[in-house]
Amino acid sequence: MSACSDDSPSERDERADVIDESDVKQDEDAIEPDAGEQDAGDPDVDEADADESDADESDTISTDAPNLIFADDQVVAAAESNQVTIRQAKVEADAFVVVHQECIDCLVPGPGEIVGHVAIEAGDHSDIAVTLDHNVSNGQTYYAMLHEDTDADGTFDFVEGGQADGPLSDETNTSLVDSFVVNVASIIVTNQTLDDLSTTVNISEIYSDGAGWVVIREGACADDGALIGEASTQDGSTVNLPVSLYRPALSGETLCAVLHADTGLSGNFEFDANNPDTEDAPVQLADDSIVRAQFDVMVPDGVPAVRITLSNAGDQEYMVDAVEPHFFGAGLLDVGNPSMGLMNGWRYEIVNLATAEQPFEFIVKGSTAGGFETADLIVLSQAAPGTGEGDAEIDWVEDGNAMRFTVAGESWTGVINVNGYRSANATGRMRGDVAVYIQ
């Protein structure tokens with residue numbers, strides 16, 4: 001197969017930690033058709049198509065064709081960014097697996113300049129490593145092609161217009177070739193507005209060679225700030241990954257997303273910055289730079305940090321159905337009338353699915369002393385005016401079943417402060433304790 005253009009491809013830009021989103025080419029082949037559009041159940045599907053489909057999904061080549069090649073889209077290892085892997089090849093005689101860079105200047109994009117090759121013996125092969133003459137860039141398309149070894153010397157002698165070691169063809173005289181898209185371990189993230197929760201950021205795209213972690217750190221990437229959140233990511237590409245933070249982000253704050261490998265116990269983040277041999281260390285590129293990306297966040301006024309969703313068990317108990325982010329739900333789930341620990345200065349949203357039957361109230365609990373009984377003091381309520389609802393620091397907002405408030409001001413941290421909650425309709429049974437934690 002000759003190159004589509006004699007012009008060598010333009011030199012790529014030097015890689016940065018952040019890959020511009022426009023540089024990432026989407027893999028159209030990865031979009032699977034709807035079940036109704038597939039012809040797997042069509043009796044007219046010919047046997048060759050069925051064999052080829054089976055070959056794509058198995059670890060061995062099952063077709064009777066004498067020569068075949070299959071390549072998959074892939075993320076290359078960060079330290080081996082000039083090496084690609086061809087999933088399978090089958091040849092009836094000694095041959096070469098040849099990798100062509102895509103000809104982007106051609107009228108119809110296709111195989112262009114040869115950028116790597118490796119000799120293979122007759123038989124079946126899998127996971128064939130081919131070293132390229134350059135480091136790959138994100139979204140680059142390549143073509144894996146079989147070439148014959150015409151003089152059986154194991155040396156690749158193909159030249160444009162020559163006869164030696166030319167492309168192998170099938171019975172229809174079609175070259176045996178398979179395209180694939182390569183990405184480098186990288187993170188793509190954009191500046192964003194956190195308009196749902198101030199403790200959740202979104203990472204646009206991640207390319208990871210193996211399972212990994214996206215870690216969020218405070219400040220600019222160069223500062224190597226404190227770790228404030230992490231989320232696991234799968235092998236290959238991941239799009240729109242939410243990462244929960246251990247604290248609310250501040251409006252205008254700069255954060256850094258860092259890609260770590262998952263080399264220890266799967267699903268457990270075990271990184272220890274003080275241990276040079278730590279598991280789950282940051283991923284480094286061939287030039288030893290860390291795979292990371294910096295971004296800024298804006299947090300509109302009134303956005304909560306934590307969302308708690310409540311329901312009821314009749315008129316006996318409040319139940320917590322969900323907490324976002326999930327790690328703030330420790331001790332709240334699967335417990336009737338659980339004790340609530342709230343962080344001073346944080347904004348919360350409580351969604352009470354039982355508002356109509358059991359309106360929620362924050363209270364200063366009443367007491368009995370010396371024969372005198374003091375009633376509960378209602379501070380915030382879905383049913384009646386509370387003493388703290390006009391406090392600008394609390395910024396009490398009711399919106400249907402939802403109530404939003406900030407743990408701030410004398411009502412929360414003064415001498416007489418919120419220390420409980422209850423239902424306005426079952427004040428003696430549906431009630432629990434509240435504690436405020438000062439950071």
# chains A, B, ... in the order shown; residues from 1 in each chain; ligands from 1
>>> select_by_dssp(residues="range 171-335 of chain A", states="strand (DSSP E or B)", output="VMD selection string")
chain A and resid 175 177 to 184 186 to 188 192 to 193 200 to 208 212 to 218 227 to 233 236 to 245 253 to 261 282 284 290 292 to 298 306 to 313 317 to 324 333
>>> residues_around(residues="Ala71 in chain A", least_positions_apart="5", cutoff="7 Å", atoms="only C-alpha atoms", output="list in words")
Ile86, Arg87, Gln88, Ala144, Asp178, Ser179 and Phe180 of chain A
>>> write_last_selection(atoms="N, CA and C atoms", output="compact mmCIF listing (two decimals), in the first residue's frame")
# COMPACT_ATOMS: atom_id res chain seq x y z
N ILE A 86 -1.02 -4.51 18.53
CA ILE A 86 -1.96 -5.08 17.56
C ILE A 86 -2.55 -6.34 18.17
N ARG A 87 -3.88 -6.38 18.26
CA ARG A 87 -4.52 -7.45 19.04
C ARG A 87 -4.22 -8.83 18.49
N GLN A 88 -4.41 -9.07 17.17
CA GLN A 88 -4.22 -10.40 16.62
C GLN A 88 -3.78 -10.33 15.16
N ALA A 144 -3.08 -0.86 10.88
CA ALA A 144 -2.24 -2.06 10.96
C ALA A 144 -2.45 -2.87 9.69
N ASP A 178 -6.45 -2.96 9.23
CA ASP A 178 -7.45 -2.62 10.23
C ASP A 178 -7.03 -1.31 10.90
N SER A 179 -7.95 -0.36 10.98
CA SER A 179 -7.63 0.94 11.59
C SER A 179 -7.89 0.92 13.09
N PHE A 180 -7.19 1.78 13.80
CA PHE A 180 -7.39 1.90 15.24
C PHE A 180 -6.98 3.30 15.69
>>> closest_residue(among="A:Asp296, A:Glu92, A:Glu160, A:Glu205", to="Gln192 in chain A", atoms="only C-alpha atoms")
A:Asp296
>>> closest_residue(among="A:Ala119, A:Ala313, A:Val181, A:Ser126", to="Asp165 in chain A", atoms="only C-alpha atoms")
A:Ala119
>>> closest_residue(among="A:Val397, A:Val323, A:Val182, A:Val189", to="Arg307 in chain A", atoms="only C-alpha atoms")
A:Val323
>>> closest_residue(among="A:His100, A:Ala77, A:Val434, A:Glu361", to="Val283 in chain A", atoms="only C-alpha atoms")
A:Ala77
>>> residues_around(residues="Gly341 in chain A", least_positions_apart="6", cutoff="8 Å", atoms="only C-alpha atoms", output="PyMOL selection string")
chain A and resi 434-437
>>> residues_around(residues="Asp395 in chain A", least_positions_apart="3", cutoff="10 Å", atoms="only C-alpha atoms", output="list in words")
Gly302, Arg347, Gly388, Glu389, Gly390, Asp391, Ala392, Arg404, Phe405, Thr406, Val407 and Ala408 of chain A
>>> write_last_selection(atoms="N, CA and C atoms", output="PDB file, in the first residue's frame")
ATOM      1  N   GLY A 302     -25.688  30.190  47.289  1.00  0.00           N
ATOM      2  CA  GLY A 302     -26.824  29.332  47.635  1.00  0.00           C
ATOM      3  C   GLY A 302     -26.676  27.882  47.242  1.00  0.00           C
ATOM      4  N   ARG A 347     -23.128  24.696  53.596  1.00  0.00           N
ATOM      5  CA  ARG A 347     -24.526  24.833  53.195  1.00  0.00           C
ATOM      6  C   ARG A 347     -25.088  23.449  52.886  1.00  0.00           C
ATOM      7  N   GLY A 388     -34.964  31.347  63.344  1.00  0.00           N
ATOM      8  CA  GLY A 388     -33.751  31.599  62.568  1.00  0.00           C
ATOM      9  C   GLY A 388     -33.979  31.823  61.083  1.00  0.00           C
ATOM     10  N   GLU A 389     -35.235  31.818  60.663  1.00  0.00           N
ATOM     11  CA  GLU A 389     -35.497  31.871  59.221  1.00  0.00           C
ATOM     12  C   GLU A 389     -35.222  33.233  58.603  1.00  0.00           C
ATOM     13  N   GLY A 390     -35.140  34.263  59.411  1.00  0.00           N
ATOM     14  CA  GLY A 390     -34.824  35.584  58.880  1.00  0.00           C
ATOM     15  C   GLY A 390     -33.352  35.924  58.954  1.00  0.00           C
ATOM     16  N   ASP A 391     -32.528  35.011  59.453  1.00  0.00           N
ATOM     17  CA  ASP A 391     -31.104  35.265  59.617  1.00  0.00           C
ATOM     18  C   ASP A 391     -30.417  35.166  58.252  1.00  0.00           C
ATOM     19  N   ALA A 392     -29.779  36.261  57.820  1.00  0.00           N
ATOM     20  CA  ALA A 392     -29.141  36.287  56.498  1.00  0.00           C
ATOM     21  C   ALA A 392     -27.984  35.304  56.414  1.00  0.00           C
ATOM     22  N   ARG A 404     -33.056  24.613  52.107  1.00  0.00           N
ATOM     23  CA  ARG A 404     -31.622  24.878  52.051  1.00  0.00           C
ATOM     24  C   ARG A 404     -31.263  25.877  53.138  1.00  0.00           C
ATOM     25  N   PHE A 405     -30.094  25.658  53.733  1.00  0.00           N
ATOM     26  CA  PHE A 405     -29.672  26.510  54.836  1.00  0.00           C
ATOM     27  C   PHE A 405     -28.164  26.384  55.012  1.00  0.00           C
ATOM     28  N   THR A 406     -27.585  27.418  55.619  1.00  0.00           N
ATOM     29  CA  THR A 406     -26.162  27.398  55.950  1.00  0.00           C
ATOM     30  C   THR A 406     -26.022  27.293  57.462  1.00  0.00           C
ATOM     31  N   VAL A 407     -25.140  26.423  57.899  1.00  0.00           N
ATOM     32  CA  VAL A 407     -24.889  26.255  59.330  1.00  0.00           C
ATOM     33  C   VAL A 407     -23.982  27.407  59.768  1.00  0.00           C
ATOM     34  N   ALA A 408     -24.616  28.497  60.181  1.00  0.00           N
ATOM     35  CA  ALA A 408     -23.877  29.702  60.548  1.00  0.00           C
ATOM     36  C   ALA A 408     -24.740  30.576  61.446  1.00  0.00           C
TER      37      ALA A 408
END
>>> residues_around(residues="Val201 in chain A", least_positions_apart="3", cutoff="10 Å", atoms="only C-alpha atoms", output="compact mmCIF listing (two decimals) with C-alpha atoms, in the first residue's frame")
# COMPACT_ATOMS: atom_id res chain seq x y z
CA VAL A 189 -10.89 19.16 32.20
CA ASN A 191 -13.19 25.53 33.94
CA GLN A 192 -16.65 24.95 35.39
CA THR A 193 -19.53 26.30 37.43
CA LEU A 194 -20.70 24.04 40.26
CA ASP A 196 -25.64 21.48 41.79
CA LEU A 197 -23.24 20.68 44.64
CA SER A 198 -20.10 22.58 45.64
CA SER A 204 -14.41 15.88 30.86
CA ILE A 216 -8.16 16.42 43.00
CA GLY A 229 -10.99 14.16 46.57
CA ASN A 240 -17.69 13.07 32.22
CA LEU A 241 -16.40 11.55 35.45
CA PRO A 242 -17.84 13.17 38.62
CA VAL A 243 -15.34 13.47 41.47
CA SER A 244 -16.59 14.16 44.99
CA LEU A 245 -14.60 16.49 47.25
CA ALA A 249 -15.00 24.18 46.67
CA LEU A 255 -7.84 22.98 41.48
CA ALA A 257 -6.79 16.92 38.57
CA VAL A 297 -14.34 26.54 39.60
>>> closest_residue(among="A:Leu380, A:Val291, A:Leu250, A:Leu332", to="Thr199 in chain A", atoms="only C-alpha atoms")
A:Leu250
>>> residues_around(residues="Tyr421 in chain A", least_positions_apart="4", cutoff="12 Å", atoms="only C-alpha atoms", output="PyMOL selection string")
chain A and resi 317-318+337-341+358-366+376-382+417+426-435
>>> atom_distance(atom1="CA of Val299 in chain A", atom2="CA of Arg247 in chain A")
12.9 Å
>>> select_by_dssp(residues="range 73-249 of chain A", states="helix (DSSP H, G or I)", output="list of chain:residue names")
A:Ala78, A:Ala79, A:Glu80, A:Cys221, A:Ala222, A:Asp223
>>> write_last_selection(atoms="C-alpha atoms", output="PDB file, in the first residue's frame")
ATOM      1  CA  ALA A  78       2.593   6.580  29.598  1.00  0.00           C
ATOM      2  CA  ALA A  79       6.231   5.468  29.633  1.00  0.00           C
ATOM      3  CA  GLU A  80       5.923   3.726  26.241  1.00  0.00           C
ATOM      4  CA  CYS A 221      -0.765  21.914  39.692  1.00  0.00           C
ATOM      5  CA  ALA A 222       2.732  23.269  40.323  1.00  0.00           C
ATOM      6  CA  ASP A 223       1.839  23.785  44.006  1.00  0.00           C
TER       7      ASP A 223
END
